[in-house]
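This is data.txt. It holds compact mmCIF, C-alpha atoms.
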# COMPACT_ATOMS: atom_id res chain seq x y z
CA MET A 3 -1.36 -25.37 47.78
CA GLU A 4 -1.38 -21.67 46.99
CA LYS A 5 -0.02 -22.32 43.54
CA GLU A 6 -2.91 -24.69 42.83
CA GLU A 7 -5.43 -22.12 44.05
CA LEU A 8 -3.79 -19.45 41.93
CA THR A 9 -3.99 -21.66 38.84
CA THR A 10 -7.70 -22.31 39.46
CA ILE A 11 -8.38 -18.61 39.94
CA MET A 12 -6.44 -17.75 36.78
CA LYS A 13 -8.43 -20.31 34.82
CA ASP A 14 -11.73 -18.96 36.19
CA LEU A 15 -10.66 -15.42 35.29
CA ASP A 16 -9.83 -16.52 31.74
CA ASP A 17 -13.21 -18.25 31.40
CA MET A 18 -15.01 -15.19 32.72
CA ALA A 19 -13.13 -12.88 30.35
CA MET A 20 -14.06 -15.13 27.42
CA ARG A 21 -17.70 -15.23 28.51
CA MET A 22 -17.72 -11.44 28.81
CA LEU A 23 -16.39 -11.07 25.27
CA GLN A 24 -19.10 -13.44 24.04
CA LEU A 25 -21.77 -11.47 25.92
CA MET A 26 -20.45 -8.18 24.51
CA LYS A 27 -20.67 -9.59 20.98
CA GLU A 28 -24.20 -10.91 21.57
CA TYR A 29 -25.19 -7.57 23.10
CA ILE A 30 -23.96 -5.62 20.07
CA ASP A 31 -25.69 -8.07 17.71
CA VAL A 32 -28.99 -7.73 19.58
CA LYS A 33 -28.66 -3.93 19.50
CA ARG A 34 -28.06 -4.03 15.73
CA THR A 35 -31.20 -6.15 15.23
CA LEU A 36 -33.11 -3.80 17.51
CA GLU A 37 -31.91 -0.92 15.36
CA GLU A 38 -33.23 -2.66 12.23
CA PHE A 39 -36.69 -3.06 13.77
CA ILE A 40 -36.75 0.53 15.03
CA LYS A 41 -35.71 1.80 11.60
CA SER A 42 -38.33 -0.27 9.81
CA GLY A 43 -40.96 0.87 12.32
CA ALA A 44 -39.96 4.50 11.76
CA LEU A 45 -40.21 3.98 8.01
CA HIS A 46 -43.75 2.62 8.36
CA LEU A 47 -44.63 5.58 10.59
CA ALA A 48 -43.27 7.93 7.91
CA LYS A 49 -45.39 6.18 5.26
CA SER A 50 -48.47 6.50 7.51
CA ARG A 51 -47.68 10.19 7.89
CA TYR A 52 -47.53 10.50 4.11
CA ILE A 53 -50.93 8.82 3.75
CA MET A 54 -52.75 10.43 6.69
CA GLY A 55 -51.10 13.83 6.79
CA ASN A 56 -48.15 15.24 8.63
CA ARG A 57 -49.88 16.14 11.86
CA THR A 58 -51.94 13.01 12.28
CA VAL A 59 -49.01 10.86 13.41
CA SER A 60 -47.16 12.86 16.04
CA ALA A 61 -46.66 13.18 19.76
CA LEU A 62 -49.89 15.21 19.87
CA GLN A 63 -51.92 12.02 19.43
CA LEU A 64 -50.23 10.37 22.39
CA PRO A 65 -52.15 10.52 25.67
CA ALA A 66 -51.07 13.38 27.90
CA GLU A 67 -51.22 13.73 31.67
CA ASP A 68 -54.80 15.02 31.50
CA SER A 69 -55.98 11.97 29.54
CA ASN A 70 -57.89 9.13 31.11
CA GLU A 71 -56.09 6.50 33.09
CA PHE A 72 -54.99 3.52 30.99
CA THR A 73 -52.80 0.54 31.51
CA ALA A 74 -49.81 -0.80 29.55
CA LEU A 75 -50.40 -3.79 27.30
CA ALA A 76 -46.79 -4.93 27.48
CA LYS A 77 -45.03 -5.30 30.79
CA VAL A 78 -41.91 -7.03 32.06
CA LEU A 79 -41.97 -9.94 34.47
CA SER A 80 -38.93 -10.77 36.59
CA VAL A 81 -38.46 -14.52 36.75
CA LYS A 82 -35.66 -16.70 38.05
CA ASP A 83 -33.69 -18.79 35.59
CA SER A 84 -32.14 -22.23 36.15
CA SER A 85 -29.16 -20.75 38.01
CA ASP A 86 -31.48 -18.77 40.30
CA GLU A 87 -30.64 -15.41 38.72
CA ILE A 88 -33.27 -12.83 37.88
CA ILE A 89 -34.12 -12.49 34.20
CA PHE A 90 -36.83 -10.45 32.49
CA ASP A 91 -39.64 -11.80 30.40
CA LEU A 92 -42.18 -9.92 28.29
CA ASN A 93 -45.80 -10.19 29.38
CA ARG A 94 -48.10 -9.02 26.64
CA LEU A 95 -51.88 -8.75 26.70
CA SER A 96 -53.48 -9.84 23.49
CA LEU A 97 -56.26 -7.41 22.59
CA SER A 98 -58.14 -10.01 20.56
CA ASP A 99 -58.41 -12.33 23.60
CA PHE A 100 -59.59 -9.46 25.68
CA SER A 101 -62.33 -8.36 23.30
CA LYS A 102 -63.56 -11.96 23.04
CA ASN A 103 -63.94 -12.04 26.81
CA VAL A 104 -65.91 -8.83 26.76
CA LYS A 105 -68.25 -10.13 24.09
CA SER A 106 -68.91 -13.39 25.91
CA ARG A 107 -69.71 -11.56 29.12
CA HIS A 108 -72.18 -9.21 27.50
CA PRO A 109 -75.23 -11.47 27.00
CA LYS A 110 -75.12 -12.71 30.58
CA PRO A 111 -78.03 -11.37 32.64
CA ASP A 112 -75.83 -11.19 35.74
CA LYS A 113 -74.65 -7.57 36.05
CA SER A 114 -72.22 -8.02 38.96
CA GLY A 115 -69.07 -7.92 36.85
CA SER A 116 -70.26 -5.22 34.47
CA GLU A 117 -68.72 -2.29 36.34
CA GLU A 118 -65.33 -3.95 36.40
CA THR A 119 -65.64 -4.81 32.71
CA ASN A 120 -66.44 -1.20 31.86
CA ASP A 121 -63.48 0.05 33.87
CA LEU A 122 -61.23 -2.46 32.14
CA ASN A 123 -62.66 -1.36 28.82
CA ASN A 124 -61.71 2.21 29.59
CA CYS A 125 -58.29 1.25 30.81
CA ILE A 126 -57.30 -1.14 28.07
CA GLN A 127 -57.33 0.27 24.59
CA ASP A 128 -55.57 -0.48 21.35
CA PRO A 129 -52.96 2.29 20.87
CA LEU A 130 -53.85 2.32 17.16
CA LYS A 131 -57.17 3.97 18.08
CA TRP A 132 -55.30 7.13 19.17
CA PHE A 133 -54.56 7.76 15.52
CA GLY A 134 -58.09 7.24 14.23
CA VAL A 135 -60.50 4.46 13.49
CA LEU A 136 -59.37 3.70 9.96
CA VAL A 137 -55.61 3.66 10.11
CA PRO A 138 -53.50 2.63 7.12
CA GLN A 139 -51.88 -0.77 6.92
CA ASN A 140 -48.46 0.85 7.45
CA MET A 141 -49.51 1.91 10.92
CA ARG A 142 -50.22 -1.72 11.80
CA GLN A 143 -46.87 -2.73 10.31
CA ALA A 144 -45.17 -0.05 12.41
CA GLN A 145 -46.94 -1.45 15.48
CA SER A 146 -45.76 -4.97 14.71
CA SER A 147 -42.16 -3.76 14.09
CA PHE A 148 -42.05 -2.01 17.45
CA SER A 149 -43.66 -5.00 19.17
CA LYS A 150 -40.87 -7.19 17.79
CA ALA A 151 -38.34 -4.56 18.87
CA LEU A 152 -39.67 -4.98 22.42
CA GLU A 153 -38.63 -8.64 22.40
CA TYR A 154 -35.07 -7.60 21.53
CA VAL A 155 -35.20 -4.92 24.23
CA ILE A 156 -35.86 -7.66 26.79
CA GLN A 157 -33.09 -9.82 25.31
CA ALA A 158 -30.60 -6.92 25.46
CA THR A 159 -31.60 -6.15 29.07
CA ASN A 160 -31.04 -9.77 30.09
CA LEU A 161 -27.58 -9.72 28.50
CA GLN A 162 -26.90 -6.43 30.28
CA LEU A 163 -27.85 -7.96 33.65
CA GLU A 164 -25.67 -11.01 33.02
CA MET A 165 -22.72 -8.76 32.10
CA ALA A 166 -23.15 -6.77 35.30
CA ARG A 167 -23.22 -9.96 37.42
CA LEU A 168 -20.18 -11.36 35.61
CA LYS A 169 -18.24 -8.15 36.18
CA VAL A 170 -18.88 -8.30 39.94
CA ASN A 171 -17.74 -11.95 40.07
CA TYR A 172 -14.67 -11.14 37.97
CA GLU A 173 -13.64 -8.31 40.25
CA SER A 174 -13.97 -10.43 43.39
CA LYS A 175 -11.82 -13.18 41.80
CA LEU A 176 -9.30 -10.56 40.73
CA ASP A 177 -9.05 -9.35 44.34
CA LYS A 178 -8.43 -12.91 45.50
CA LYS A 179 -5.70 -13.30 42.90
CA LYS A 180 -4.03 -10.06 44.00
CA LYS A 181 -4.12 -11.14 47.64
CA ILE A 182 -2.42 -14.45 46.85
CA LEU A 183 0.22 -12.73 44.72
CA ASP A 184 0.88 -10.16 47.47
CA LEU A 185 1.37 -12.93 50.02
CA ASN A 186 3.94 -14.63 47.82
CA ILE A 187 6.03 -11.49 47.33
CA MET B 22 -56.22 -1.21 41.87
CA ALA B 23 -57.66 -4.32 40.27
CA LEU B 24 -57.36 -2.66 36.88
CA HIS B 25 -53.61 -2.44 36.99
CA SER B 26 -53.24 -5.98 38.20
CA ALA B 27 -55.04 -7.11 35.04
CA ILE B 28 -51.60 -7.52 33.47
CA LYS B 29 -48.85 -8.75 35.75
CA GLY B 30 -45.40 -7.24 35.67
CA LYS B 31 -43.63 -3.92 35.76
CA LEU B 32 -43.40 -1.14 33.23
CA LEU B 33 -40.97 -0.11 30.55
CA ALA B 34 -40.39 3.66 30.48
CA VAL B 35 -39.37 5.52 27.32
CA ILE B 36 -37.39 8.73 26.93
CA GLY B 37 -36.94 9.43 23.27
CA ASP B 38 -37.67 11.43 20.18
CA GLU B 39 -41.16 11.60 18.72
CA ASP B 40 -40.88 8.51 16.51
CA THR B 41 -39.35 6.35 19.24
CA CYS B 42 -42.11 7.30 21.71
CA VAL B 43 -44.94 6.95 19.16
CA GLY B 44 -43.52 3.59 18.06
CA PHE B 45 -43.00 2.02 21.47
CA LEU B 46 -46.34 3.35 22.70
CA LEU B 47 -47.95 1.75 19.66
CA GLY B 48 -46.21 -1.42 20.83
CA GLY B 49 -48.21 -1.07 24.06
CA VAL B 50 -45.72 0.07 26.70
CA GLY B 51 -47.46 3.37 27.55
CA GLU B 52 -49.39 3.82 30.77
CA ILE B 53 -51.01 6.61 32.74
CA ASN B 54 -51.45 5.63 36.37
CA LYS B 55 -54.08 6.79 38.82
CA ASN B 56 -51.87 9.75 39.83
CA ARG B 57 -51.85 10.82 36.17
CA HIS B 58 -48.15 10.08 35.80
CA THR B 59 -46.97 8.92 32.39
CA ASN B 60 -44.10 6.51 31.81
CA PHE B 61 -42.77 8.25 28.70
CA MET B 62 -41.22 11.55 27.69
CA VAL B 63 -41.10 12.95 24.18
CA VAL B 64 -37.88 14.91 23.76
CA ASP B 65 -37.94 17.63 21.12
CA LYS B 66 -35.65 20.52 20.32
CA ASN B 67 -37.30 22.62 23.03
CA SER B 68 -36.65 20.13 25.84
CA SER B 69 -33.90 21.21 28.18
CA VAL B 70 -31.25 18.92 29.64
CA GLY B 71 -32.62 19.72 33.11
CA GLU B 72 -36.10 18.48 32.14
CA ILE B 73 -34.69 15.24 30.71
CA GLU B 74 -32.57 14.74 33.83
CA ASP B 75 -35.56 15.32 36.13
CA THR B 76 -37.76 12.90 34.22
CA PHE B 77 -35.01 10.30 34.19
CA LYS B 78 -34.50 10.63 37.94
CA ARG B 79 -38.26 10.40 38.49
CA PHE B 80 -38.37 7.16 36.51
CA LEU B 81 -35.44 5.79 38.54
CA LYS B 82 -37.33 6.46 41.76
CA ARG B 83 -40.56 4.79 40.63
CA ASP B 84 -40.72 1.22 41.87
CA ASP B 85 -43.14 0.11 39.13
CA ILE B 86 -40.54 0.60 36.38
CA ASP B 87 -38.04 -2.16 35.57
CA ILE B 88 -36.53 -0.98 32.29
CA ILE B 89 -35.86 2.56 31.06
CA LEU B 90 -35.40 2.92 27.31
CA ILE B 91 -33.53 6.02 26.27
CA ASN B 92 -32.29 7.12 22.85
CA GLN B 93 -28.52 7.04 22.71
CA ASN B 94 -28.23 10.67 21.59
CA ILE B 95 -30.40 11.77 24.53
CA ALA B 96 -28.40 9.54 26.89
CA GLU B 97 -25.31 11.46 25.77
CA MET B 98 -26.88 14.66 27.14
CA ILE B 99 -27.29 13.19 30.62
CA ARG B 100 -24.32 10.80 30.56
CA HIS B 101 -23.18 11.76 34.06
CA VAL B 102 -26.54 10.72 35.57
CA ILE B 103 -26.60 7.44 33.62
CA ASP B 104 -23.03 6.58 34.59
CA ALA B 105 -23.86 7.27 38.24
CA HIS B 106 -26.67 4.67 38.19
CA ILE B 107 -25.01 1.36 39.03
CA GLN B 108 -27.93 -0.68 40.35
CA PRO B 109 -29.05 -3.42 37.98
CA ILE B 110 -32.76 -2.55 38.36
CA PRO B 111 -34.20 -0.43 36.82
CA ALA B 112 -32.07 -1.40 33.84
CA ILE B 113 -31.20 1.41 31.47
CA LEU B 114 -31.09 0.45 27.83
CA GLU B 115 -29.67 2.84 25.29
CA ILE B 116 -31.49 2.38 22.02
CA PRO B 117 -30.69 3.75 18.59
CA SER B 118 -33.07 6.11 16.81
CA LYS B 119 -33.74 6.62 13.13
CA ASP B 120 -31.46 9.68 13.00
CA HIS B 121 -28.69 8.38 15.23
CA PRO B 122 -27.36 4.90 14.48
CA TYR B 123 -26.13 2.75 17.35
CA ASP B 124 -22.57 3.50 18.45
CA ALA B 125 -21.14 0.75 20.67
CA ASN B 126 -18.31 3.04 21.86
CA LYS B 127 -20.77 5.37 23.59
CA ASP B 128 -22.79 2.66 25.35
CA SER B 129 -22.36 2.89 29.16
CA ILE B 130 -22.73 -0.86 29.61
CA LEU B 131 -20.08 -1.74 27.06
CA ARG B 132 -17.71 0.89 28.41
CA ARG B 133 -18.11 -0.60 31.89
CA ALA B 134 -17.51 -4.09 30.50
CA LYS B 135 -14.39 -2.91 28.66
CA GLY B 136 -13.08 -1.57 31.98
CA MET B 137 -12.74 -5.20 33.02
CA PHE B 138 -9.95 -5.74 30.51
CA ASN B 139 -7.18 -3.81 32.19
CA PRO B 140 -3.80 -4.92 30.76
CA GLU B 141 -2.17 -4.78 34.22
CA ASP B 142 -4.68 -7.29 35.63
CA MET B 143 -4.07 -9.72 32.79
CA ILE B 144 -0.50 -10.47 33.89
Do you think you could lay out the structure here as structure tokens?
Amino acid sequence: MEKEELTTIMKDLDDMAMRMLQLMKEYIDVKRTLEEFIKSGALHLAKSRYIMGNRTVSALQLPAEDSNEFTALAKVLSVKDSSDEIIFDLNRLSLSDFSKNVKSRHPKPDKSGSEETNDLNNCIQDPLKWFGVLVPQNMRQAQSSFSKALEYVIQATNLQLEMARLKVNYESKLDKKKKILDLNI
Amino acid sequence: MALHSAIKGKLLAVIGDEDTCVGFLLGGVGEINKNRHTNFMVVDKNSSVGEIEDTFKRFLKRDDIDIILINQNIAEMIRHVIDAHIQPIPAILEIPSKDHPYDANKDSILRRAKGMFNPEDMI
């Protein structure tokens, strides 16, 4: 009876170890892709710097603590997957959809929602505007590279979470195995 | 309050060099909340390890942050704090920067995973 249980546990441990190796490989691959996107984004930023001037693309253009309140355009949603485990998903607000909404609300005579719209207008802004009204194409390419990088960030985080869960399961199985072996000795 | 519920979900925080912060903020992850707290920190040569550590701990405590992105070279400076964080959420993701390519041997997550493969347990 115990021998059978031990064999099952050993098999489970082997499967888990294999899965962990697969996850580690996937994780490294995702990180490498992420690196490519970050590098290409940085290159586009450098080109924008060359076009616009050294000081026009720096941390000084980023909003500081004394800037107006604004909200993130990309957030993470925690959702449950098929096996009831928490995974992250990217929730991105499309600025074009938002501006369309604003335009369609404008001609309405009803002013009830106008205050909220104005507040939303102040809170939601295209980050490109921090660097000027007429930004070079490279700046937009940098934005798109980093937006793609965000998708890989989420993918890497999900792999990370799965690895952490697998490690906990592996350790509990390992304890079981040790207990059975100790009993037999 | 309604403003922040315009987009559902939690935030990504960034601790990184200038290009990493500018880039990810261009990607739309930046936010300043009603208490005027930012979710990013630009680390330059004048930033002290203590400052980075404090910001990191502040991000860990905030319940509206789910993922903390940190450059791997900066993570190396505060490795002891990162290794001490074992909860899955907020998840800490070490990202490469343009000056420092990704090194899998330094990644906390992979080092933890490698710890699973202890030769004595394999017998």
Once you count all atoms listed in the file, what closest atom pair and distance in Å to one decimal does each residue of chain B within 8 Å of chain A have, with rows by chain and rising residue number, as a Markdown table?
| residue | atom | partner | partner_atom | distance |
| --- | --- | --- | --- | --- |
| B:Leu24 | CA | A:Leu122 | CA | 6.1 |
| B:His25 | CA | A:Thr73 | CA | 6.3 |
| B:Ile28 | CA | A:Leu95 | CA | 6.9 |
| B:Lys29 | CA | A:Leu79 | CA | 7.1 |
| B:Gly30 | CA | A:Leu79 | CA | 4.5 |
| B:Lys31 | CA | A:Val78 | CA | 5.1 |
| B:Leu32 | CA | A:Lys77 | CA | 5.1 |
| B:Leu33 | CA | A:Lys77 | CA | 6.6 |
| B:Glu39 | CA | A:Ala61 | CA | 5.8 |
| B:Asp40 | CA | A:Ala44 | CA | 6.3 |
| B:Thr41 | CA | A:Ile40 | CA | 7.6 |
| B:Cys42 | CA | A:Ala61 | CA | 7.7 |
| B:Val43 | CA | A:Ala61 | CA | 6.5 |
| B:Gly44 | CA | A:Phe148 | CA | 5.8 |
| B:Phe45 | CA | A:Phe148 | CA | 5.8 |
| B:Leu46 | CA | A:Pro129 | CA | 6.9 |
| B:Leu47 | CA | A:Pro129 | CA | 5.2 |
| B:Gly48 | CA | A:Ser149 | CA | 4.7 |
| B:Gly49 | CA | A:Leu75 | CA | 4.8 |
| B:Val50 | CA | A:Ala74 | CA | 5.1 |
| B:Gly51 | CA | A:Ala74 | CA | 5.2 |
| B:Glu52 | CA | A:Thr73 | CA | 4.8 |
| B:Ile53 | CA | A:Glu71 | CA | 5.1 |
| B:Asn54 | CA | A:Glu71 | CA | 5.7 |
| B:Lys55 | CA | A:Glu71 | CA | 6.1 |
| B:Arg57 | CA | A:Glu67 | CA | 5.4 |
| B:His58 | CA | A:Glu67 | CA | 6.3 |
| B:Thr59 | CA | A:Glu67 | CA | 6.5 |
| B:Val63 | CA | A:Ala61 | CA | 7.1 |
| B:Asp87 | CA | A:Val78 | CA | 7.1 |
| B:Ile88 | CA | A:Thr159 | CA | 7.8 |
| B:Pro109 | CA | A:Leu163 | CA | 6.4 |
| B:Ala112 | CA | A:Thr159 | CA | 6.7 |
| B:Ile113 | CA | A:Thr159 | CA | 7.9 |
| B:Leu114 | CA | A:Thr159 | CA | 6.7 |
| B:Ile116 | CA | A:Lys33 | CA | 7.4 |
| B:Pro117 | CA | A:Glu37 | CA | 5.8 |
| B:Ser118 | CA | A:Ile40 | CA | 6.9 |
| B:Lys119 | CA | A:Lys41 | CA | 5.4 |
| B:Pro122 | CA | A:Glu37 | CA | 7.4 |
| B:Tyr123 | CA | A:Glu37 | CA | 7.1 |
| B:Ala125 | CA | A:Ile30 | CA | 7.0 |
| B:Ile130 | CA | A:Gln162 | CA | 7.0 |
| B:Leu131 | CA | A:Met26 | CA | 6.9 |
| B:Ala134 | CA | A:Lys169 | CA | 7.0 |
| B:Met137 | CA | A:Lys169 | CA | 7.0 |
| B:Phe138 | CA | A:Ala19 | CA | 7.8 |
| B:Asp142 | CA | A:Leu176 | CA | 7.6 |
Take the residues that were just selected and, keeping C-alpha atoms, output them as a PDB file, in the coordinates of the input.
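Written out: result37.pdb:
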ATOM      1  CA  LEU B  24     -57.360  -2.660  36.880  1.00  0.00           C
ATOM      2  CA  HIS B  25     -53.610  -2.440  36.990  1.00  0.00           C
ATOM      3  CA  ILE B  28     -51.600  -7.520  33.470  1.00  0.00           C
ATOM      4  CA  LYS B  29     -48.850  -8.750  35.750  1.00  0.00           C
ATOM      5  CA  GLY B  30     -45.400  -7.240  35.670  1.00  0.00           C
ATOM      6  CA  LYS B  31     -43.630  -3.920  35.760  1.00  0.00           C
ATOM      7  CA  LEU B  32     -43.400  -1.140  33.230  1.00  0.00           C
ATOM      8  CA  LEU B  33     -40.970  -0.110  30.550  1.00  0.00           C
ATOM      9  CA  GLU B  39     -41.160  11.600  18.720  1.00  0.00           C
ATOM     10  CA  ASP B  40     -40.880   8.510  16.510  1.00  0.00           C
ATOM     11  CA  THR B  41     -39.350   6.350  19.240  1.00  0.00           C
ATOM     12  CA  CYS B  42     -42.110   7.300  21.710  1.00  0.00           C
ATOM     13  CA  VAL B  43     -44.940   6.950  19.160  1.00  0.00           C
ATOM     14  CA  GLY B  44     -43.520   3.590  18.060  1.00  0.00           C
ATOM     15  CA  PHE B  45     -43.000   2.020  21.470  1.00  0.00           C
ATOM     16  CA  LEU B  46     -46.340   3.350  22.700  1.00  0.00           C
ATOM     17  CA  LEU B  47     -47.950   1.750  19.660  1.00  0.00           C
ATOM     18  CA  GLY B  48     -46.210  -1.420  20.830  1.00  0.00           C
ATOM     19  CA  GLY B  49     -48.210  -1.070  24.060  1.00  0.00           C
ATOM     20  CA  VAL B  50     -45.720   0.070  26.700  1.00  0.00           C
ATOM     21  CA  GLY B  51     -47.460   3.370  27.550  1.00  0.00           C
ATOM     22  CA  GLU B  52     -49.390   3.820  30.770  1.00  0.00           C
ATOM     23  CA  ILE B  53     -51.010   6.610  32.740  1.00  0.00           C
ATOM     24  CA  ASN B  54     -51.450   5.630  36.370  1.00  0.00           C
ATOM     25  CA  LYS B  55     -54.080   6.790  38.820  1.00  0.00           C
ATOM     26  CA  ARG B  57     -51.850  10.820  36.170  1.00  0.00           C
ATOM     27  CA  HIS B  58     -48.150  10.080  35.800  1.00  0.00           C
ATOM     28  CA  THR B  59     -46.970   8.920  32.390  1.00  0.00           C
ATOM     29  CA  VAL B  63     -41.100  12.950  24.180  1.00  0.00           C
ATOM     30  CA  ASP B  87     -38.040  -2.160  35.570  1.00  0.00           C
ATOM     31  CA  ILE B  88     -36.530  -0.980  32.290  1.00  0.00           C
ATOM     32  CA  PRO B 109     -29.050  -3.420  37.980  1.00  0.00           C
ATOM     33  CA  ALA B 112     -32.070  -1.400  33.840  1.00  0.00           C
ATOM     34  CA  ILE B 113     -31.200   1.410  31.470  1.00  0.00           C
ATOM     35  CA  LEU B 114     -31.090   0.450  27.830  1.00  0.00           C
ATOM     36  CA  ILE B 116     -31.490   2.380  22.020  1.00  0.00           C
ATOM     37  CA  PRO B 117     -30.690   3.750  18.590  1.00  0.00           C
ATOM     38  CA  SER B 118     -33.070   6.110  16.810  1.00  0.00           C
ATOM     39  CA  LYS B 119     -33.740   6.620  13.130  1.00  0.00           C
ATOM     40  CA  PRO B 122     -27.360   4.900  14.480  1.00  0.00           C
ATOM     41  CA  TYR B 123     -26.130   2.750  17.350  1.00  0.00           C
ATOM     42  CA  ALA B 125     -21.140   0.750  20.670  1.00  0.00           C
ATOM     43  CA  ILE B 130     -22.730  -0.860  29.610  1.00  0.00           C
ATOM     44  CA  LEU B 131     -20.080  -1.740  27.060  1.00  0.00           C
ATOM     45  CA  ALA B 134     -17.510  -4.090  30.500  1.00  0.00           C
ATOM     46  CA  MET B 137     -12.740  -5.200  33.020  1.00  0.00           C
ATOM     47  CA  PHE B 138      -9.950  -5.740  30.510  1.00  0.00           C
ATOM     48  CA  ASP B 142      -4.680  -7.290  35.630  1.00  0.00           C
TER      49      ASP B 142
END
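You will find atom CA of Phe80 of chain B at 14.1 Å from atom CA of Asn56 of chain B.
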Legend entry - Separation of atom CA of Asn92 of chain B from atom CA of Val35 of chain B in Å: 8.5 Å
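The residue that comes closest to Lys82 of chain B, out of B:Ile36, B:Ile110, B:Val70, B:Met62 and on the basis of all atoms listed in the file, is B:Ile110.
Residues in contact range of Phe77 of chain B, defined as at most 10 Å between all atoms listed in the file, with sequence neighbours fewer than 5 positions away removed, read Ala34, Val35, Ile36, Phe61, Met62, Gly71, Glu72, Lys82, Ile89, Ile91, Ala96, Ile99, Val102 and Ile103 of chain B.
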Legend entry - Counting all atoms listed in the file, the option among B:Asp120, B:Asp84, B:Asp104, B:Lys78 closest to Gly37 of chain B: B:Asp120
